[in-house]
Structures are given as C-alpha cells and as structure tokens.
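Have a look at upload_7.json; it's JSON, N, CA and C atoms:
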[["chain", "number", "residue", "atom", "x", "y", "z"],
["G", 299, "MET", "N", -1.65, 5.80, -3.50],
["G", 299, "MET", "CA", -2.80, 4.98, -3.79],
["G", 299, "MET", "C", -4.04, 5.52, -3.09],
["G", 300, "LYS", "N", -3.89, 5.89, -1.82],
["G", 300, "LYS", "CA", -5.04, 6.38, -1.08],
["G", 300, "LYS", "C", -5.54, 7.71, -1.63],
["G", 301, "LEU", "N", -4.62, 8.62, -1.96],
["G", 301, "LEU", "CA", -5.01, 9.93, -2.47],
["G", 301, "LEU", "C", -5.77, 9.83, -3.79],
["G", 302, "SER", "N", -5.41, 8.89, -4.62],
["G", 302, "SER", "CA", -6.06, 8.75, -5.93],
["G", 302, "SER", "C", -7.29, 7.85, -5.89],
["G", 303, "GLY", "N", -7.45, 7.05, -4.83],
["G", 303, "GLY", "CA", -8.56, 6.10, -4.77],
["G", 303, "GLY", "C", -8.21, 4.75, -5.37],
["G", 304, "PHE", "N", -6.99, 4.60, -5.87],
["G", 304, "PHE", "CA", -6.59, 3.34, -6.48],
["G", 304, "PHE", "C", -6.62, 2.20, -5.47],
["G", 305, "ASP", "N", -6.37, 2.50, -4.19],
["G", 305, "ASP", "CA", -6.40, 1.44, -3.17],
["G", 305, "ASP", "C", -7.77, 0.77, -3.12],
["G", 306, "GLN", "N", -8.83, 1.54, -3.22],
["G", 306, "GLN", "CA", -10.18, 0.97, -3.19],
["G", 306, "GLN", "C", -10.49, 0.18, -4.46],
["G", 307, "ILE", "N", -10.01, 0.66, -5.58],
["G", 307, "ILE", "CA", -10.24, -0.04, -6.85],
["G", 307, "ILE", "C", -9.58, -1.40, -6.84],
["G", 308, "ILE", "N", -8.32, -1.46, -6.44],
["G", 308, "ILE", "CA", -7.62, -2.75, -6.47],
["G", 308, "ILE", "C", -8.19, -3.71, -5.42],
["G", 309, "LYS", "N", -8.60, -3.19, -4.26],
["G", 309, "LYS", "CA", -9.22, -4.07, -3.25],
["G", 309, "LYS", "C", -10.55, -4.60, -3.76],
["G", 310, "ARG", "N", -11.32, -3.76, -4.44],
["G", 310, "ARG", "CA", -12.61, -4.22, -4.99],
["G", 310, "ARG", "C", -12.38, -5.29, -6.06],
["G", 311, "TYR", "N", -11.45, -5.05, -6.96],
["G", 311, "TYR", "CA", -11.15, -6.04, -8.00],
["G", 311, "TYR", "C", -10.73, -7.36, -7.37],
["G", 312, "HIS", "N", -9.90, -7.29, -6.33],
["G", 312, "HIS", "CA", -9.45, -8.51, -5.66],
["G", 312, "HIS", "C", -10.62, -9.24, -5.00],
["G", 313, "SER", "N", -11.47, -8.51, -4.30],
["G", 313, "SER", "CA", -12.59, -9.16, -3.60],
["G", 313, "SER", "C", -13.62, -9.73, -4.57],
["G", 314, "GLU", "N", -13.75, -9.14, -5.75],
["G", 314, "GLU", "CA", -14.69, -9.63, -6.75],
["G", 314, "GLU", "C", -14.04, -10.66, -7.68],
["G", 315, "LYS", "N", -12.79, -11.01, -7.37],
["G", 315, "LYS", "CA", -12.03, -12.01, -8.14],
["G", 315, "LYS", "C", -11.94, -11.66, -9.62],
["G", 316, "LYS", "N", -11.86, -10.35, -9.91],
["G", 316, "LYS", "CA", -11.68, -9.92, -11.29],
["G", 316, "LYS", "C", -10.22, -10.09, -11.67],
["G", 317, "ASN", "N", -9.99, -10.46, -12.91],
["G", 317, "ASN", "CA", -8.62, -10.58, -13.40],
["G", 317, "ASN", "C", -8.01, -9.20, -13.54],
["G", 318, "ILE", "N", -6.82, -9.05, -13.03],
["G", 318, "ILE", "CA", -6.10, -7.78, -13.13],
["G", 318, "ILE", "C", -4.61, -8.09, -13.15],
["G", 319, "VAL", "N", -3.89, -7.34, -13.93],
["G", 319, "VAL", "CA", -2.44, -7.44, -13.93],
["G", 319, "VAL", "C", -1.93, -6.27, -13.11],
["G", 320, "TYR", "N", -1.18, -6.57, -12.08],
["G", 320, "TYR", "CA", -0.63, -5.55, -11.20],
["G", 320, "TYR", "C", 0.87, -5.76, -11.14],
["G", 321, "GLY", "N", 1.61, -4.74, -11.45],
["G", 321, "GLY", "CA", 3.06, -4.84, -11.40],
["G", 321, "GLY", "C", 3.61, -3.76, -10.49],
["G", 322, "GLY", "N", 4.65, -4.10, -9.79],
["G", 322, "GLY", "CA", 5.27, -3.12, -8.93],
["G", 322, "GLY", "C", 6.55, -3.66, -8.35],
["G", 323, "TYR", "N", 7.33, -2.77, -7.81],
["G", 323, "TYR", "CA", 8.52, -3.17, -7.08],
["G", 323, "TYR", "C", 8.66, -2.25, -5.89],
["G", 324, "SER", "N", 9.42, -2.65, -4.92],
["G", 324, "SER", "CA", 9.61, -1.88, -3.70],
["G", 324, "SER", "C", 8.26, -1.62, -3.03],
["G", 325, "ALA", "N", 7.87, -0.37, -2.89],
["G", 325, "ALA", "CA", 6.60, -0.06, -2.22],
["G", 325, "ALA", "C", 5.41, -0.67, -2.95],
["G", 326, "GLY", "N", 5.53, -0.84, -4.26],
["G", 326, "GLY", "CA", 4.44, -1.43, -5.04],
["G", 326, "GLY", "C", 4.10, -2.85, -4.63],
["G", 327, "ILE", "N", 5.07, -3.59, -4.12],
["G", 327, "ILE", "CA", 4.81, -4.95, -3.64],
["G", 327, "ILE", "C", 4.54, -4.94, -2.14],
["G", 328, "CYS", "N", 5.22, -4.06, -1.40],
["G", 328, "CYS", "CA", 5.03, -4.00, 0.06],
["G", 328, "CYS", "C", 3.60, -3.65, 0.44],
["G", 329, "ILE", "N", 2.94, -2.83, -0.34],
["G", 329, "ILE", "CA", 1.59, -2.37, -0.04],
["G", 329, "ILE", "C", 0.56, -3.50, -0.11],
["G", 330, "LEU", "N", 0.89, -4.61, -0.73],
["G", 330, "LEU", "CA", -0.06, -5.72, -0.86],
["G", 330, "LEU", "C", -0.30, -6.45, 0.46],
["G", 331, "GLY", "N", 0.58, -6.32, 1.42],
["G", 331, "GLY", "CA", 0.43, -6.99, 2.71],
["G", 331, "GLY", "C", -0.60, -6.30, 3.61],
["G", 332, "PRO", "N", -0.81, -6.83, 4.81],
["G", 332, "PRO", "CA", -1.81, -6.28, 5.72],
["G", 332, "PRO", "C", -1.38, -4.99, 6.41],
["G", 333, "THR", "N", -0.09, -4.74, 6.49],
["G", 333, "THR", "CA", 0.42, -3.57, 7.19],
["G", 333, "THR", "C", 1.73, -3.12, 6.56],
["G", 334, "LEU", "N", 2.06, -1.87, 6.78],
["G", 334, "LEU", "CA", 3.35, -1.37, 6.34],
["G", 334, "LEU", "C", 4.31, -1.23, 7.51],
["G", 335, "LYS", "N", 3.86, -1.65, 8.70],
["G", 335, "LYS", "CA", 4.75, -1.63, 9.85],
["G", 335, "LYS", "C", 5.89, -2.62, 9.59],
["G", 336, "GLY", "N", 7.06, -2.20, 9.85],
["G", 336, "GLY", "CA", 8.26, -2.97, 9.53],
["G", 336, "GLY", "C", 9.01, -2.31, 8.39],
["G", 337, "ILE", "N", 8.29, -1.62, 7.53],
["G", 337, "ILE", "CA", 8.93, -0.92, 6.42],
["G", 337, "ILE", "C", 9.80, 0.22, 6.95],
["G", 338, "HIS", "N", 9.46, 0.71, 8.15],
["G", 338, "HIS", "CA", 10.26, 1.79, 8.75],
["G", 338, "HIS", "C", 11.71, 1.36, 8.97],
["G", 339, "LEU", "N", 11.97, 0.08, 8.91],
["G", 339, "LEU", "CA", 13.34, -0.41, 9.06],
["G", 339, "LEU", "C", 14.19, -0.12, 7.83],
["G", 340, "VAL", "N", 13.53, 0.08, 6.69],
["G", 340, "VAL", "CA", 14.27, 0.35, 5.45],
["G", 340, "VAL", "C", 13.94, 1.72, 4.84],
["G", 341, "ASP", "N", 12.81, 2.30, 5.21],
["G", 341, "ASP", "CA", 12.43, 3.63, 4.71],
["G", 341, "ASP", "C", 12.04, 4.52, 5.89],
["G", 342, "ASP", "N", 12.42, 5.77, 5.83],
["G", 342, "ASP", "CA", 12.15, 6.73, 6.90],
["G", 342, "ASP", "C", 10.71, 7.22, 6.84],
["G", 343, "PRO", "N", 9.87, 6.87, 7.83],
["G", 343, "PRO", "CA", 8.46, 7.29, 7.80],
["G", 343, "PRO", "C", 8.27, 8.78, 8.06],
["G", 344, "ARG", "N", 9.32, 9.47, 8.44],
["G", 344, "ARG", "CA", 9.20, 10.92, 8.68],
["G", 344, "ARG", "C", 9.22, 11.71, 7.38],
["G", 345, "GLN", "N", 9.60, 11.08, 6.29],
["G", 345, "GLN", "CA", 9.56, 11.76, 5.00],
["G", 345, "GLN", "C", 8.11, 11.90, 4.57],
["G", 346, "LYS", "N", 7.72, 13.09, 4.22],
["G", 346, "LYS", "CA", 6.33, 13.37, 3.86],
["G", 346, "LYS", "C", 6.28, 13.97, 2.44],
["G", 347, "PRO", "N", 6.32, 13.13, 1.42],
["G", 347, "PRO", "CA", 6.36, 13.66, 0.05],
["G", 347, "PRO", "C", 5.10, 14.44, -0.34],
["G", 348, "TYR", "N", 3.99, 14.22, 0.34],
["G", 348, "TYR", "CA", 2.75, 14.93, 0.02],
["G", 348, "TYR", "C", 2.41, 15.99, 1.04],
["G", 349, "GLY", "N", 3.36, 16.29, 1.93],
["G", 349, "GLY", "CA", 3.16, 17.36, 2.91],
["G", 349, "GLY", "C", 2.70, 16.84, 4.26],
["G", 350, "GLU", "N", 2.83, 17.69, 5.24],
["G", 350, "GLU", "CA", 2.50, 17.34, 6.63],
["G", 350, "GLU", "C", 1.00, 17.13, 6.86],
["G", 351, "GLN", "N", 0.15, 17.64, 5.96],
["G", 351, "GLN", "CA", -1.29, 17.50, 6.17],
["G", 351, "GLN", "C", -1.78, 16.06, 5.99],
["G", 352, "TYR", "N", -0.93, 15.21, 5.41],
["G", 352, "TYR", "CA", -1.30, 13.81, 5.21],
["G", 352, "TYR", "C", -0.53, 12.93, 6.18],
["G", 353, "PRO", "N", -1.23, 12.21, 7.05],
["G", 353, "PRO", "CA", -0.53, 11.35, 8.01],
["G", 353, "PRO", "C", 0.08, 10.13, 7.32],
["G", 354, "THR", "N", 1.07, 9.55, 7.96],
["G", 354, "THR", "CA", 1.65, 8.30, 7.47],
["G", 354, "THR", "C", 0.59, 7.21, 7.54],
["G", 355, "ILE", "N", 0.44, 6.47, 6.48],
["G", 355, "ILE", "CA", -0.55, 5.39, 6.41],
["G", 355, "ILE", "C", 0.18, 4.07, 6.63],
["G", 356, "TRP", "N", -0.23, 3.34, 7.63],
["G", 356, "TRP", "CA", 0.42, 2.07, 7.97],
["G", 356, "TRP", "C", -0.40, 0.87, 7.48],
["G", 357, "GLU", "N", -1.60, 1.09, 7.02],
["G", 357, "GLU", "CA", -2.49, 0.01, 6.59],
["G", 357, "GLU", "C", -2.14, -0.41, 5.17],
["G", 358, "GLY", "N", -1.94, -1.71, 4.99],
["G", 358, "GLY", "CA", -1.71, -2.24, 3.65],
["G", 358, "GLY", "C", -3.03, -2.61, 3.00],
["G", 359, "LEU", "N", -2.96, -3.14, 1.80],
["G", 359, "LEU", "CA", -4.17, -3.51, 1.08],
["G", 359, "LEU", "C", -4.74, -4.84, 1.56],
["G", 360, "GLY", "N", -3.94, -5.67, 2.22],
["G", 360, "GLY", "CA", -4.43, -6.95, 2.72],
["G", 360, "GLY", "C", -4.70, -7.98, 1.64],
["G", 361, "ILE", "N", -4.08, -7.84, 0.49],
["G", 361, "ILE", "CA", -4.29, -8.81, -0.59],
["G", 361, "ILE", "C", -3.49, -10.07, -0.33],
["G", 362, "ILE", "N", -2.33, -9.93, 0.28],
["G", 362, "ILE", "CA", -1.59, -11.09, 0.76],
["G", 362, "ILE", "C", -1.56, -11.01, 2.29],
["G", 363, "ASP", "N", -1.35, -12.14, 2.94],
["G", 363, "ASP", "CA", -1.47, -12.16, 4.41],
["G", 363, "ASP", "C", -0.11, -12.12, 5.12],
["G", 364, "TYR", "N", 0.91, -11.65, 4.45],
["G", 364, "TYR", "CA", 2.23, -11.51, 5.08],
["G", 364, "TYR", "C", 2.86, -10.19, 4.66],
["G", 365, "VAL", "N", 3.89, -9.79, 5.37],
["G", 365, "VAL", "CA", 4.55, -8.50, 5.12],
["G", 365, "VAL", "C", 5.83, -8.72, 4.35],
["G", 366, "ILE", "N", 6.05, -7.87, 3.37],
["G", 366, "ILE", "CA", 7.28, -7.89, 2.59],
["G", 366, "ILE", "C", 8.00, -6.58, 2.85],
["G", 367, "ALA", "N", 9.27, -6.67, 3.20],
["G", 367, "ALA", "CA", 10.10, -5.48, 3.35],
["G", 367, "ALA", "C", 11.29, -5.65, 2.42],
["G", 368, "VAL", "N", 11.40, -4.77, 1.43],
["G", 368, "VAL", "CA", 12.48, -4.89, 0.45],
["G", 368, "VAL", "C", 13.42, -3.72, 0.53]]

Let me see the file written as structure tokens.
Amino acid sequence: MKLSGFDQIIKRYHSEKKNIVYGGYSAGICILGPTLKGIHLVDDPRQKPYGEQYPTIWEGLGIIDYVIAV
C-alpha cells in the first residue's frame, strides 16, 4: 500500500467521508488498525518481499481504533 500510494488514497477517502467499498482478508483487514505491532505473533516480520531496502512498516491506516491479528 505504501509503495503504490494506496495508503494515502484510502486515508483521504476515509477522512473526507467518501463512500468506498474496501475488501480484504488477513493483512487487508489488519492494516485498517492503528498499528501492525502484534502481527509479528502470526507473521514473521523478517520476511522482506520487496527487498532489504524497504524497512518493515508498523504503522496502520488508523481507520479503526483497534488491532486485528488473524
């Protein structure tokens, strides 16, 4: 989401109260919370699918005010 800029688009739509249909499962729902801390209990944060040049991002989108770990 961060690499493509989609994180900013969905946050802007949410803050402007625009109607949007968002679907996701697993990480797609976890990212809606304020943080991704806790997800390390179910997914290994050392895995770097986009390479070592990109740090692990722990910040969620903050659309919901609780954390989901699936």

Closest of G:Ala367, G:Phe304, G:Thr354, G:Tyr311 to Val340 in chain G - atom-to-atom distances counting all atoms listed in the file: G:Ala367

Of the listed residues G:Gly322, G:Lys346, G:Ile329, G:Ser313, that which approaches Ile366 in chain G most closely, counting only C-alpha atoms: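 Of G:Gly322, G:Lys346, G:Ile329, G:Ser313, the one nearest Ile366 in chain G is G:Ile329, counting only C-alpha atoms.
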
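The nearest approach to Glu357 in chain G among the residues G:Lys335, G:Lys300, G:Arg344, G:Arg310, with only N, CA and C atoms taken into account, belongs to G:Lys335.
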
Picked from chain G by DSSP as alpha helix (DSSP H), as a ChimeraX atom specification: /G:304-313,325-328

Please, could you write that set of residues out with N, CA and C atoms as an mmCIF file, in the coordinates of the input?
data_model
loop_
_atom_site.group_PDB
_atom_site.id
_atom_site.type_symbol
_atom_site.label_atom_id
_atom_site.label_comp_id
_atom_site.auth_asym_id
_atom_site.auth_seq_id
_atom_site.Cartn_x
_atom_site.Cartn_y
_atom_site.Cartn_z
ATOM 1 N N PHE G 304 -6.990 4.600 -5.870
ATOM 2 C CA PHE G 304 -6.590 3.340 -6.480
ATOM 3 C C PHE G 304 -6.620 2.200 -5.470
ATOM 4 N N ASP G 305 -6.370 2.500 -4.190
ATOM 5 C CA ASP G 305 -6.400 1.440 -3.170
ATOM 6 C C ASP G 305 -7.770 0.770 -3.120
ATOM 7 N N GLN G 306 -8.830 1.540 -3.220
ATOM 8 C CA GLN G 306 -10.180 0.970 -3.190
ATOM 9 C C GLN G 306 -10.490 0.180 -4.460
ATOM 10 N N ILE G 307 -10.010 0.660 -5.580
ATOM 11 C CA ILE G 307 -10.240 -0.040 -6.850
ATOM 12 C C ILE G 307 -9.580 -1.400 -6.840
ATOM 13 N N ILE G 308 -8.320 -1.460 -6.440
ATOM 14 C CA ILE G 308 -7.620 -2.750 -6.470
ATOM 15 C C ILE G 308 -8.190 -3.710 -5.420
ATOM 16 N N LYS G 309 -8.600 -3.190 -4.260
ATOM 17 C CA LYS G 309 -9.220 -4.070 -3.250
ATOM 18 C C LYS G 309 -10.550 -4.600 -3.760
ATOM 19 N N ARG G 310 -11.320 -3.760 -4.440
ATOM 20 C CA ARG G 310 -12.610 -4.220 -4.990
ATOM 21 C C ARG G 310 -12.380 -5.290 -6.060
ATOM 22 N N TYR G 311 -11.450 -5.050 -6.960
ATOM 23 C CA TYR G 311 -11.150 -6.040 -8.000
ATOM 24 C C TYR G 311 -10.730 -7.360 -7.370
ATOM 25 N N HIS G 312 -9.900 -7.290 -6.330
ATOM 26 C CA HIS G 312 -9.450 -8.510 -5.660
ATOM 27 C C HIS G 312 -10.620 -9.240 -5.000
ATOM 28 N N SER G 313 -11.470 -8.510 -4.300
ATOM 29 C CA SER G 313 -12.590 -9.160 -3.600
ATOM 30 C C SER G 313 -13.620 -9.730 -4.570
ATOM 31 N N ALA G 325 7.870 -0.370 -2.890
ATOM 32 C CA ALA G 325 6.600 -0.060 -2.220
ATOM 33 C C ALA G 325 5.410 -0.670 -2.950
ATOM 34 N N GLY G 326 5.530 -0.840 -4.260
ATOM 35 C CA GLY G 326 4.440 -1.430 -5.040
ATOM 36 C C GLY G 326 4.100 -2.850 -4.630
ATOM 37 N N ILE G 327 5.070 -3.590 -4.120
ATOM 38 C CA ILE G 327 4.810 -4.950 -3.640
ATOM 39 C C ILE G 327 4.540 -4.940 -2.140
ATOM 40 N N CYS G 328 5.220 -4.060 -1.400
ATOM 41 C CA CYS G 328 5.030 -4.000 0.060
ATOM 42 C C CYS G 328 3.600 -3.650 0.440
#

Between atom N of His338 in chain G and CA of Trp356 in chain G, distance in Å (one decimal):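 Going from atom N of His338 in chain G over to CA of Trp356 in chain G covers 9.1 Å.
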
Counting only N, CA and C atoms, the residue of G:Gln345, G:Gly331, G:Gly336, G:Ala325 that sits nearest Gly360 in chain G: G:Gly331

CA of Gly303 in chain G to atom N of Pro343 in chain G, straight-line distance in Å: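 So the two atoms, atom N of Pro343 in chain G and CA of Gly303 in chain G, lie 22.3 Å apart.
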
Point-to-point distance in Å for CA of Ile307 in chain G and CA of Pro332 in chain G: 16.4 Å

Which centre and edge lengths in Å to one decimal define the box along x, y and z that fits every listed atom of range 323-332 of chain G plus 5 Å per side, as AutoDock Vina command-line options?
--center_x 3.9 --center_y -3.5 --center_z -0.7 --size_x 21.4 --size_y 16.9 --size_z 24.2
